[in-house]
file coords15.txt (compact mmCIF, C-alpha atoms)
# COMPACT_ATOMS: atom_id res chain seq x y z
CA MET A 39 34.89 4.81 9.67
CA LYS A 40 32.88 8.02 9.34
CA ARG A 41 29.75 8.17 7.28
CA ASN A 42 30.45 9.55 3.82
CA LEU A 43 28.18 10.65 1.01
CA THR A 44 30.54 9.30 -1.64
CA GLY A 45 29.28 5.95 -2.99
CA ARG A 46 26.22 4.50 -4.62
CA VAL A 47 22.67 3.87 -3.51
CA ILE A 48 21.15 0.44 -4.03
CA PRO A 49 17.38 0.02 -4.49
CA ALA A 50 15.29 -0.07 -1.32
CA ALA A 51 14.41 -3.53 -0.05
CA LEU A 52 11.91 -2.49 2.56
CA ALA A 53 11.41 1.26 2.92
CA PHE A 54 8.67 2.51 0.65
CA ALA A 55 10.01 6.02 0.31
CA LEU A 56 13.50 5.44 -1.05
CA ALA A 57 13.82 7.21 -4.38
CA ALA A 58 16.95 5.23 -5.29
CA ALA A 59 18.89 7.95 -7.07
CA PRO A 60 22.67 7.44 -7.41
CA VAL A 61 24.60 9.33 -4.76
CA THR A 62 26.51 12.23 -6.23
CA SER A 63 30.18 12.51 -5.30
CA PHE A 64 31.00 15.66 -3.45
CA ALA A 65 34.59 16.86 -3.21
CA ARG A 66 35.60 18.02 0.21
CA THR A 67 36.57 21.49 -0.95
CA LYS A 68 33.24 22.01 -2.69
CA ALA A 69 31.28 20.86 0.35
CA VAL A 70 33.28 22.98 2.76
CA GLU A 71 32.71 25.96 0.48
CA ALA A 72 28.97 25.31 0.57
CA THR A 73 28.58 24.59 4.29
CA GLY A 74 31.67 25.78 6.06
CA ILE A 75 31.59 22.62 8.19
CA ALA A 76 33.94 19.68 7.75
CA ASP A 77 35.62 17.25 10.12
CA GLU A 78 39.09 15.78 9.90
CA ASN A 79 37.87 13.06 7.53
CA GLY A 80 36.08 15.41 5.14
CA PHE A 81 32.68 14.35 6.51
CA VAL A 82 30.47 17.30 5.61
CA SER A 83 26.89 18.15 6.49
CA GLN A 84 24.49 19.42 3.88
CA PRO A 85 23.51 23.08 3.55
CA GLY A 86 20.70 24.52 5.62
CA ASN A 87 21.05 22.38 8.76
CA GLU A 88 20.25 24.06 12.06
CA TYR A 89 21.63 21.49 14.49
CA ASP A 90 24.30 22.47 17.00
CA ASP A 91 27.84 21.09 16.98
CA ALA A 92 27.10 18.51 19.69
CA THR A 93 24.16 17.10 17.72
CA MET A 94 26.16 17.05 14.48
CA LYS A 95 29.00 15.21 16.20
CA LYS A 96 26.58 12.59 17.52
CA LEU A 97 25.00 12.16 14.08
CA ALA A 98 28.44 11.73 12.53
CA ASP A 99 29.46 8.78 14.68
CA ASN A 100 29.36 5.25 13.32
CA VAL A 101 26.27 4.31 15.29
CA LEU A 102 22.67 4.21 14.09
CA GLU A 103 20.08 4.89 16.76
CA TYR A 104 16.37 4.82 16.01
CA ASP A 105 15.63 8.25 17.44
CA GLU A 106 18.29 9.81 15.18
CA ILE A 107 16.63 8.75 11.93
CA GLY A 108 14.71 11.98 11.37
CA LYS A 109 17.83 14.12 11.74
CA LEU A 110 19.88 11.72 9.61
CA VAL A 111 17.37 12.08 6.78
CA GLU A 112 17.60 15.86 7.06
CA VAL A 113 21.40 15.93 7.10
CA TYR A 114 22.65 12.94 5.12
CA SER A 115 19.90 11.39 3.00
CA PRO A 116 21.10 11.56 -0.63
CA THR A 117 17.52 11.43 -1.89
CA PHE A 118 16.39 14.29 0.34
CA LYS A 119 19.44 16.28 -0.68
CA THR A 120 18.42 15.93 -4.34
CA LEU A 121 14.92 17.15 -3.54
CA LYS A 122 16.18 20.14 -1.56
CA GLU A 123 18.56 21.10 -4.34
CA THR A 124 15.79 20.84 -6.93
CA TYR A 125 13.20 22.79 -5.00
CA SER A 126 13.64 26.49 -4.27
CA ASP A 127 11.25 28.08 -1.81
CA LYS A 128 10.64 31.19 -3.88
CA LYS A 129 7.82 32.72 -5.87
CA ASP A 130 9.46 31.57 -9.09
CA ALA A 131 9.62 27.97 -7.89
CA SER A 132 7.73 26.93 -11.02
CA LYS A 133 11.03 27.28 -12.93
CA ASP A 134 12.16 24.12 -11.16
CA VAL A 135 9.19 22.08 -12.42
CA ALA A 136 10.73 20.86 -15.70
CA LYS A 137 13.92 19.79 -13.96
CA LEU A 138 12.00 18.07 -11.19
CA LYS A 139 9.64 16.24 -13.57
CA SER A 140 12.63 14.75 -15.40
CA GLN A 141 14.23 13.60 -12.15
CA LEU A 142 11.00 12.12 -10.85
CA SER A 143 10.53 10.12 -14.04
CA ASP A 144 13.98 8.58 -13.60
CA LYS A 145 13.35 7.89 -9.92
CA SER A 146 10.08 6.11 -10.62
CA ALA A 147 11.84 3.43 -12.68
CA SER A 148 14.33 2.85 -9.86
CA ILE A 149 11.55 2.50 -7.31
CA LEU A 150 9.78 -0.07 -9.48
CA ASP A 151 13.05 -2.05 -9.61
CA ALA A 152 13.13 -1.89 -5.83
CA ALA A 153 9.55 -3.16 -5.70
CA ASP A 154 10.56 -6.18 -7.79
CA GLN A 155 13.39 -6.88 -5.37
CA MET A 156 11.01 -6.63 -2.43
CA ASN A 157 8.52 -9.00 -4.07
CA GLY A 158 11.29 -11.59 -4.48
CA MET A 159 12.19 -11.28 -0.81
CA THR A 160 8.52 -11.61 0.13
CA ASP A 161 8.19 -14.84 -1.87
CA GLN A 162 11.23 -16.27 -0.08
CA MET A 163 9.76 -15.47 3.32
CA LYS A 164 6.42 -17.01 2.30
CA ASP A 165 8.23 -20.30 1.73
CA LEU A 166 9.40 -20.21 5.36
CA ILE A 167 5.87 -20.18 6.78
CA GLY A 168 5.46 -23.46 8.61
CA MET A 169 9.22 -23.83 9.06
CA LEU A 170 9.94 -20.69 11.09
CA PRO A 171 7.57 -19.58 13.90
CA THR A 172 8.14 -15.87 13.27
CA ALA A 173 7.87 -16.13 9.47
CA PRO A 174 4.15 -15.18 9.24
CA THR A 175 4.75 -11.88 11.06
CA THR A 176 7.78 -11.03 8.95
CA TYR A 177 5.99 -12.06 5.75
CA ALA A 178 3.06 -9.80 6.56
CA GLN A 179 5.40 -6.89 7.23
CA LEU A 180 7.25 -7.45 3.95
CA VAL A 181 3.97 -7.59 2.00
CA TYR A 182 2.85 -4.38 3.68
CA ASN A 183 6.05 -2.54 2.81
CA SER A 184 6.10 -3.97 -0.71
CA GLU A 185 2.67 -2.50 -1.34
CA LEU A 186 3.82 0.83 0.05
CA LEU A 187 6.81 0.72 -2.27
CA ASP A 188 4.58 0.13 -5.29
CA TYR A 189 2.38 2.98 -4.12
CA GLN A 190 5.38 5.30 -3.81
CA ALA A 191 6.44 4.52 -7.38
CA GLU A 192 2.95 5.36 -8.59
CA GLN A 193 2.90 8.58 -6.58
CA VAL A 194 6.23 9.68 -8.03
CA LEU A 195 4.82 9.33 -11.54
CA LEU A 196 1.64 11.17 -10.58
CA MET A 197 3.72 13.84 -8.87
CA GLY A 198 5.61 14.51 -12.09
CA ASP A 199 2.40 14.65 -14.11
CA SER A 200 0.79 17.09 -11.69
CA LEU A 201 3.67 19.55 -11.51
CA THR A 202 2.40 22.02 -14.07
CA GLN A 203 0.77 25.04 -12.49
CA ILE A 204 1.18 24.85 -8.74
CA SER A 205 2.06 27.36 -6.08
CA PRO A 206 5.37 27.30 -4.18
CA GLU A 207 3.41 26.22 -1.07
CA GLN A 208 1.93 23.24 -2.91
CA MET A 209 5.31 22.31 -4.30
CA HIS A 210 6.81 22.45 -0.82
CA ILE A 211 4.16 20.07 0.54
CA LYS A 212 4.51 17.62 -2.33
CA VAL A 213 8.29 17.72 -2.75
CA ILE A 214 9.67 18.53 0.69
CA ASP A 215 7.15 17.83 3.47
CA ALA A 216 5.66 14.61 2.09
CA ASN A 217 9.00 13.16 1.02
CA ARG A 218 10.76 14.03 4.27
CA ALA A 219 8.06 12.18 6.20
CA ALA A 220 8.09 9.27 3.76
CA LEU A 221 11.86 8.93 3.91
CA GLU A 222 11.90 9.02 7.71
CA ALA A 223 9.01 6.56 8.08
CA GLY A 224 10.58 4.34 5.43
CA ALA A 225 13.94 4.26 7.18
CA GLN A 226 12.21 3.48 10.46
CA SER A 227 10.38 0.57 8.83
CA ALA A 228 13.64 -0.62 7.30
CA MET A 229 15.36 -0.61 10.68
CA ILE A 230 12.46 -2.48 12.29
CA GLY A 231 12.44 -4.98 9.40
CA TYR A 232 16.18 -5.47 9.77
CA LYS A 233 15.76 -6.31 13.44
CA GLN A 234 12.95 -8.72 12.56
CA LEU A 235 15.23 -10.56 10.15
CA LEU A 236 17.91 -10.79 12.85
CA LEU A 237 15.38 -12.38 15.19
CA ASN A 238 14.38 -14.88 12.50
CA GLU A 239 18.04 -15.68 11.99
CA GLU A 240 18.49 -16.22 15.72
CA SER A 241 15.51 -18.57 15.76
CA LEU A 242 16.94 -20.55 12.83
CA GLU A 243 20.31 -20.86 14.54
CA SER A 244 18.62 -22.40 17.57
CA GLY A 245 16.71 -24.80 15.32
CA LEU A 246 19.90 -25.75 13.47
CA THR A 247 21.59 -26.74 16.72
CA LEU A 248 18.71 -29.04 17.51
CA LEU A 249 18.50 -30.50 13.98
CA ALA A 250 22.22 -31.22 13.96
CA ALA A 251 21.83 -33.12 17.22
CA VAL A 252 18.82 -35.02 15.85
CA TYR A 253 20.77 -35.99 12.73
CA GLN A 254 23.73 -37.21 14.77
CA SER A 255 21.46 -39.16 17.10
CA THR A 256 19.63 -40.75 14.13
CA GLN A 257 22.96 -41.82 12.64
CA ASN A 258 23.99 -43.41 15.93
CA GLN A 259 20.66 -45.22 16.19
CA ALA A 260 21.00 -46.49 12.61
CA ALA A 261 24.46 -47.83 13.43
CA ASN A 262 22.89 -49.81 16.27
CA GLY A 263 19.97 -51.00 14.17
CA LEU A 264 17.47 -48.72 15.90
CA ALA A 265 16.75 -46.43 12.92
CA THR A 266 16.43 -46.89 9.18
CA GLN A 267 18.50 -45.25 6.48
CA SER A 268 15.33 -43.51 5.36
CA GLN A 269 15.08 -41.85 8.77
CA VAL A 270 18.74 -40.84 8.56
CA LEU A 271 18.16 -39.33 5.12
CA SER A 272 15.08 -37.44 6.34
CA ALA A 273 17.01 -35.98 9.29
CA ARG A 274 19.83 -34.95 6.97
CA GLN A 275 17.46 -33.32 4.49
CA GLN A 276 15.79 -31.32 7.27
CA LEU A 277 19.18 -30.09 8.46
CA GLU A 278 20.42 -29.16 4.99
CA SER A 279 17.16 -27.44 4.06
CA THR A 280 17.31 -25.31 7.19
CA GLN A 281 20.97 -24.50 6.53
CA ALA A 282 20.04 -23.29 3.04
CA THR A 283 17.23 -21.20 4.49
CA LYS A 284 19.68 -19.69 6.95
CA LEU A 285 22.00 -18.66 4.10
CA THR A 286 19.11 -17.00 2.24
CA LEU A 287 17.97 -15.20 5.36
CA THR A 288 21.50 -13.96 6.07
CA ALA A 289 21.80 -12.65 2.50
CA ASN A 290 18.49 -10.79 2.81
CA GLU A 291 19.55 -9.35 6.14
CA GLN A 292 22.75 -8.04 4.56
CA LYS A 293 20.86 -6.48 1.64
CA LEU A 294 18.48 -4.73 3.99
CA ARG A 295 21.37 -3.50 6.12
CA GLN A 296 23.00 -2.01 3.01
CA THR A 297 19.74 -0.35 2.01
CA LEU A 298 19.29 1.15 5.46
CA CYS A 299 22.86 2.47 5.45
CA THR A 300 22.58 4.14 2.05
CA MET A 301 19.22 5.68 2.91
CA LEU A 302 20.84 7.53 5.80
CA GLY A 303 24.09 8.58 4.15
CA TRP A 304 26.54 5.77 4.81
CA LYS A 305 28.31 4.04 1.96
CA TYR A 306 26.63 0.78 0.95
CA ASP A 307 29.48 -1.32 2.39
CA ALA A 308 29.70 0.59 5.68
CA VAL A 309 29.41 -1.33 8.94
CA PRO A 310 27.88 1.04 11.49
CA GLU A 311 26.64 -0.31 14.78
CA ILE A 312 22.86 -0.59 14.50
CA ARG A 313 21.35 -0.22 17.95
CA ASP A 314 18.14 -1.88 19.10
CA VAL A 315 14.73 -0.47 18.24
CA PRO A 316 13.02 0.96 21.35
CA ALA A 317 10.70 -1.39 23.19
CA ALA A 318 6.99 -0.82 22.68
CA ASP A 319 5.72 1.52 25.40
CA LEU A 320 2.22 0.36 26.30
CA ALA A 321 1.51 3.74 27.90
CA ARG A 322 1.53 5.29 24.41
CA ILE A 323 -1.67 3.43 23.61
CA ASP A 324 -3.50 5.28 26.39
CA GLY A 325 -2.84 8.51 24.52
CA MET A 326 -4.32 7.23 21.25
CA ASN A 327 -7.91 8.16 20.45
CA PRO A 328 -9.04 8.00 16.81
CA GLU A 329 -12.02 10.25 17.46
CA LYS A 330 -9.90 12.98 19.07
CA ASP A 331 -6.93 12.51 16.72
CA LYS A 332 -8.86 12.58 13.45
CA GLN A 333 -8.93 16.38 13.20
CA ALA A 334 -5.14 16.61 13.49
CA ALA A 335 -4.74 13.72 11.03
CA GLN A 336 -6.99 15.48 8.51
CA ASP A 337 -5.32 18.86 8.94
CA ASN A 338 -1.83 17.38 8.65
CA ASN A 339 -2.44 14.97 5.78
CA PHE A 340 -0.17 15.94 2.91
CA THR A 341 -2.65 14.99 0.20
CA ILE A 342 -5.48 16.95 1.80
CA ARG A 343 -3.24 19.96 2.47
CA TYR A 344 -2.19 19.97 -1.18
CA ASN A 345 -5.75 19.71 -2.45
CA VAL A 346 -7.00 22.45 -0.13
CA LEU A 347 -4.38 24.78 -1.59
CA ASP A 348 -5.29 23.60 -5.08
CA LEU A 349 -8.81 24.95 -4.57
CA ASP A 350 -7.29 28.42 -4.92
CA ASN A 351 -6.29 27.52 -8.48
CA LYS A 352 -9.88 26.69 -9.46
CA ASP A 353 -12.82 28.95 -10.21
CA ALA A 354 -15.20 28.77 -7.27
CA GLY A 355 -18.21 27.98 -9.44
CA SER A 356 -16.49 25.53 -11.78
CA VAL A 357 -17.09 21.80 -12.01
CA GLU A 358 -13.41 21.22 -11.19
CA TYR A 359 -13.83 23.20 -7.97
CA GLN A 360 -16.90 21.22 -6.93
CA ASN A 361 -15.22 17.91 -7.79
CA LEU A 362 -12.17 18.82 -5.74
CA GLN A 363 -14.34 19.84 -2.80
CA ARG A 364 -16.03 16.46 -3.00
CA THR A 365 -12.65 14.72 -3.18
CA ILE A 366 -11.38 16.54 -0.09
CA LYS A 367 -14.51 15.55 1.83
CA GLN A 368 -14.01 11.91 0.85
CA GLU A 369 -10.33 12.08 1.79
CA LYS A 370 -11.17 13.40 5.23
CA GLU A 371 -13.64 10.57 5.73
CA GLU A 372 -10.99 8.09 4.62
CA VAL A 373 -8.49 9.52 7.09
CA SER A 374 -11.01 9.05 9.90
CA SER A 375 -11.79 5.44 9.01
CA SER A 376 -8.12 4.60 8.42
CA LEU A 377 -7.20 5.99 11.83
CA VAL A 378 -9.75 3.68 13.46
CA ASN A 379 -8.30 0.70 11.58
CA LEU A 380 -4.75 1.61 12.58
CA TYR A 381 -5.81 1.98 16.21
CA ASN A 382 -7.51 -1.42 16.12
CA ASP A 383 -4.32 -2.88 14.68
CA VAL A 384 -2.39 -1.45 17.63
CA LEU A 385 -4.83 -3.10 20.03
CA GLN A 386 -4.56 -6.41 18.17
CA LYS A 387 -0.76 -6.30 18.26
CA ARG A 388 -0.90 -5.54 21.99
CA ASN A 389 -3.09 -8.60 22.56
CA GLU A 390 -0.75 -10.76 20.47
CA LEU A 391 2.22 -9.56 22.50
CA GLN A 392 0.45 -10.32 25.77
CA THR A 393 -0.37 -13.82 24.49
CA ALA A 394 3.26 -14.34 23.46
CA LYS A 395 4.48 -13.22 26.89
CA ALA A 396 2.11 -15.63 28.64
CA ALA A 397 3.31 -18.50 26.42
CA TYR A 398 6.91 -17.58 27.19
CA GLU A 399 6.29 -17.63 30.96
CA LEU A 400 4.70 -21.07 30.63
CA GLU A 401 7.67 -22.30 28.63
CA LYS A 402 10.05 -20.97 31.29
CA THR A 403 8.25 -23.16 33.85
CA LYS A 404 8.67 -26.17 31.57
CA MET A 405 12.35 -25.33 31.17
CA GLU A 406 12.83 -25.26 34.93
CA THR A 407 11.30 -28.74 35.12
CA ALA A 408 13.54 -29.94 32.31
CA GLU A 409 16.59 -28.51 34.10
CA ARG A 410 15.81 -30.54 37.22
CA LYS A 411 15.20 -33.70 35.20
CA TRP A 412 18.45 -33.17 33.28
CA GLN A 413 20.41 -32.82 36.51
CA LEU A 414 18.78 -35.99 37.85
CA GLY A 415 19.45 -37.82 34.61
CA THR A 416 15.82 -38.68 33.99
CA ILE A 417 15.67 -37.12 30.49
CA GLY A 418 18.01 -37.50 27.55
CA ARG A 419 20.10 -34.86 25.81
CA LEU A 420 17.75 -34.53 22.83
CA GLU A 421 14.69 -34.00 25.00
CA TYR A 422 16.57 -31.38 26.97
CA MET A 423 17.67 -29.60 23.76
CA GLN A 424 14.11 -29.69 22.43
CA GLN A 425 12.93 -27.85 25.53
CA GLN A 426 15.75 -25.31 25.13
CA ASN A 427 14.69 -24.71 21.54
CA ALA A 428 11.03 -24.39 22.55
CA LEU A 429 11.97 -21.74 25.11
CA LYS A 430 14.09 -19.85 22.57
CA THR A 431 11.18 -19.94 20.08
CA LYS A 432 8.82 -18.41 22.64
CA GLU A 433 11.42 -15.80 23.58
CA ILE A 434 11.84 -14.80 19.91
CA ALA A 435 8.04 -14.63 19.55
CA VAL A 436 7.90 -12.07 22.38
CA LYS A 437 10.60 -9.92 20.77
CA THR A 438 8.94 -10.19 17.36
CA GLY A 439 5.58 -9.26 18.87
CA ASP A 440 7.13 -6.26 20.57
CA LEU A 441 8.59 -5.05 17.27
CA ALA A 442 5.24 -5.54 15.53
CA LEU A 443 3.45 -3.52 18.21
CA PHE A 444 6.04 -0.76 18.04
CA GLN A 445 5.67 -0.59 14.25
CA ALA A 446 1.87 -0.42 14.57
CA MET A 447 2.12 2.47 17.04
CA GLU A 448 4.58 4.31 14.79
CA THR A 449 2.26 3.86 11.80
CA TYR A 450 -0.66 5.31 13.78
CA ASP A 451 1.40 8.30 14.90
CA TRP A 452 2.61 8.92 11.35
CA ALA A 453 -1.00 8.94 10.17
CA VAL A 454 -1.79 11.63 12.73
CA LYS A 455 1.23 13.60 11.50
CA GLY A 456 -0.05 13.45 7.92
CA ASN A 457 1.87 10.56 6.41
CA LEU A 458 -1.06 8.32 5.45
CA LYS A 459 -1.69 6.63 2.11
CA LEU A 460 -5.08 7.58 0.67
CA SER A 461 -6.89 5.80 -2.12
CA GLN A 462 -8.50 8.97 -3.48
call {"tool": "encode", "arguments": {"input": "coords15.txt", "output": "structure tokens"}}
result
Amino acid sequence: MKRNLTGRVIPAALAFALAAAPVTSFARTKAVEATGIADENGFVSQPGNEYDDATMKKLADNVLEYDEIGKLVEVYSPTFKTLKETYSDKKDASKDVAKLKSQLSDKSASILDAADQMNGMTDQMKDLIGMLPTAPTTYAQLVYNSELLDYQAEQVLLMGDSLTQISPEQMHIKVIDANRAALEAGAQSAMIGYKQLLLNEESLESGLTLLAAVYQSTQNQAANGLATQSQVLSARQQLESTQATKLTLTANEQKLRQTLCTMLGWKYDAVPEIRDVPAADLARIDGMNPEKDKQAAQDNNFTIRYNVLDLDNKDAGSVEYQNLQRTIKQEKEEVSSSLVNLYNDVLQKRNELQTAKAAYELEKTKMETAERKWQLGTIGRLEYMQQQNALKTKEIAVKTGDLALFQAMETYDWAVKGNLKLSQ
């Protein structure tokens, strides 16, 4: 099934930039009239795209690849389409302000609803800490993205309030540049979060296999007078609790999948193939240097760029001008310090991944020993399954650590490209 813009958009569960506006229905004839491009299924790109036919054909397949996200936002994001239609890159762009302020007000309420949904998902994951080895990492990521979502809602409101007397260049930065970056980074985070949930689900499935075997073994022991009914009940409760957790996790995974699909132009019930996120390339870290990168991060930062342009709207000797100069200076300092923190986070995630890999190699050695003992009949089935589960847990920890490192590197790079939350 081809991706189609007809449908509805559900609130974002993970990506902080989703504006959550309903997707407008576009008739094929209207879209063809606007773009001149349509395939046999009426799948139409949006106006103003500069990609060649081969690229468009690849984007229109039913496969989501991580490195396509930026182009998918440009071509199919319903939220970005709304922003492009609202904004006109002309000298009279201020005529669009009233229309845009109204839309932004509506969008802010939708984003706050999405934040509530994210907070609920975060609470559920918090309950899994202690039960699921990868839960702390996923919980931390969900908290991080929940805070970004709240921040985005606040920024949308502030954006509407500030759109009074601004230049077309300022409006382009605030409406187009900043939101394009936010939507792309948000979709990337959503895809990474989706893969994290799949890993947690895989870990739970392995644990369920072991718990089912433990429950069956406890029942057999009780039948032979070697276990109490209390022990049987405890084993059953552990199994049923984990089964319930699995159902919740699967539901959250489905919600996040739907969110990711609608962010990038699919219908909410579409089932595209979602490819793996690229593995973390350790060589990228060698190219990171907060001291050297800070100038680019300051020059690219959307907030700073906007404020620098806003200086032209102030009288050079006014208090407002001096205050804004001071604010820009503080924002540049914040960018520098934030870049150092993000770099340190990359280094920490690299160390955590290396530790996880070492633990996995050790567990592989234990598994080899267990294999030999199993073949010789010197260990029982449960002990053998416990070692299998331990190995699977360490394997999942490596994959989770790799995702976390990749996300940290992406966040650093986005900061250099200007997409960095500032407190000023």
call {"tool": "atom_distance", "arguments": {"input": "coords15.txt", "atom1": "CA of Ile417 (chain A)", "atom2": "CA of Met405 (chain A)"}}
result
12.3 Å
call {"tool": "closest_residue", "arguments": {"input": "coords15.txt", "among": "A:Asn389, A:Ser227, A:Thr247, A:Ser115", "to": "Leu320 (chain A)", "atoms": "only C-alpha atoms"}}
result
A:Asn389
call {"tool": "atom_distance", "arguments": {"input": "coords15.txt", "atom1": "CA of Gln336 (chain A)", "atom2": "CA of Gly224 (chain A)"}}
result
21.0 Å
call {"tool": "residues_around", "arguments": {"input": "coords15.txt", "residues": "Ile312 (chain A)", "least_positions_apart": "2", "cutoff": "8 Å", "atoms": "all atoms listed in the file", "output": "MDAnalysis selection string"}}
result
chainID A and resid 101:103 310 314
call {"tool": "atom_distance", "arguments": {"input": "coords15.txt", "atom1": "CA of Gln226 (chain A)", "atom2": "CA of Ser244 (chain A)"}}
result
27.6 Å
call {"tool": "closest_residue", "arguments": {"input": "coords15.txt", "among": "A:Leu347, A:Leu362, A:Leu287, A:Ala273", "to": "Glu240 (chain A)", "atoms": "all atoms listed in the file"}}
result
A:Leu287
call {"tool": "closest_residue", "arguments": {"input": "coords15.txt", "among": "A:Lys96, A:Arg218, A:Lys437, A:Lys164", "to": "Leu391 (chain A)", "atoms": "all atoms listed in the file"}}
result
A:Lys437
call {"tool": "closest_residue", "arguments": {"input": "coords15.txt", "among": "A:Met209, A:Leu236, A:Val373, A:Ala321", "to": "Ala453 (chain A)", "atoms": "only C-alpha atoms"}}
result
A:Val373
call {"tool": "closest_residue", "arguments": {"input": "coords15.txt", "among": "A:Val346, A:Ala223, A:Ala251, A:Leu97", "to": "Ile211 (chain A)", "atoms": "only C-alpha atoms"}}
result
A:Val346
call {"tool": "closest_residue", "arguments": {"input": "coords15.txt", "among": "A:Gln267, A:Arg313, A:Gln257, A:Asn217", "to": "Asp105 (chain A)", "atoms": "all atoms listed in the file"}}
result
A:Arg313
call {"tool": "residues_around", "arguments": {"input": "coords15.txt", "residues": "Gln333 (chain A)", "least_positions_apart": "6", "cutoff": "10 Å", "atoms": "only C-alpha atoms", "output": "short mmCIF file (atom, residue, chain, number, x, y, z; two decimals) with C-alpha atoms, in the frame of the given file"}}
result
data_model
loop_
_atom_site.label_atom_id
_atom_site.label_comp_id
_atom_site.auth_asym_id
_atom_site.auth_seq_id
_atom_site.Cartn_x
_atom_site.Cartn_y
_atom_site.Cartn_z
CA ASN A 339 -2.44 14.97 5.78
CA LYS A 370 -11.17 13.40 5.23
CA VAL A 373 -8.49 9.52 7.09
CA SER A 374 -11.01 9.05 9.90
CA VAL A 454 -1.79 11.63 12.73
#
call {"tool": "residues_around", "arguments": {"input": "coords15.txt", "residues": "Leu302 (chain A)", "least_positions_apart": "2", "cutoff": "9 Å", "atoms": "only C-alpha atoms", "output": "PyMOL selection string"}}
result
chain A and resi 107+110-111+113-116+225+297-300+304
call {"tool": "residues_around", "arguments": {"input": "coords15.txt", "residues": "Thr393 (chain A)", "least_positions_apart": "6", "cutoff": "10 Å", "atoms": "all atoms listed in the file", "output": "ChimeraX atom specification"}}
result
/A:387,435-436,439
call {"tool": "residues_around", "arguments": {"input": "coords15.txt", "residues": "Asn427 (chain A)", "least_positions_apart": "6", "cutoff": "12 Å", "atoms": "all atoms listed in the file", "output": "NGL selection string"}}
result
:A and (171 or 240-249 or 251 or 398 or 401-402 or 404-405 or 420-421 or 433-434)
call {"tool": "write_last_selection", "arguments": {"input": "coords15.txt", "atoms": "C-alpha atoms", "output": "PDB file, in the coordinates of the input"}}
result
ATOM      1  CA  PRO A 171       7.570 -19.580  13.900  1.00  0.00           C
ATOM      2  CA  GLU A 240      18.490 -16.220  15.720  1.00  0.00           C
ATOM      3  CA  SER A 241      15.510 -18.570  15.760  1.00  0.00           C
ATOM      4  CA  LEU A 242      16.940 -20.550  12.830  1.00  0.00           C
ATOM      5  CA  GLU A 243      20.310 -20.860  14.540  1.00  0.00           C
ATOM      6  CA  SER A 244      18.620 -22.400  17.570  1.00  0.00           C
ATOM      7  CA  GLY A 245      16.710 -24.800  15.320  1.00  0.00           C
ATOM      8  CA  LEU A 246      19.900 -25.750  13.470  1.00  0.00           C
ATOM      9  CA  THR A 247      21.590 -26.740  16.720  1.00  0.00           C
ATOM     10  CA  LEU A 248      18.710 -29.040  17.510  1.00  0.00           C
ATOM     11  CA  LEU A 249      18.500 -30.500  13.980  1.00  0.00           C
ATOM     12  CA  ALA A 251      21.830 -33.120  17.220  1.00  0.00           C
ATOM     13  CA  TYR A 398       6.910 -17.580  27.190  1.00  0.00           C
ATOM     14  CA  GLU A 401       7.670 -22.300  28.630  1.00  0.00           C
ATOM     15  CA  LYS A 402      10.050 -20.970  31.290  1.00  0.00           C
ATOM     16  CA  LYS A 404       8.670 -26.170  31.570  1.00  0.00           C
ATOM     17  CA  MET A 405      12.350 -25.330  31.170  1.00  0.00           C
ATOM     18  CA  LEU A 420      17.750 -34.530  22.830  1.00  0.00           C
ATOM     19  CA  GLU A 421      14.690 -34.000  25.000  1.00  0.00           C
ATOM     20  CA  GLU A 433      11.420 -15.800  23.580  1.00  0.00           C
ATOM     21  CA  ILE A 434      11.840 -14.800  19.910  1.00  0.00           C
TER      22      ILE A 434
END
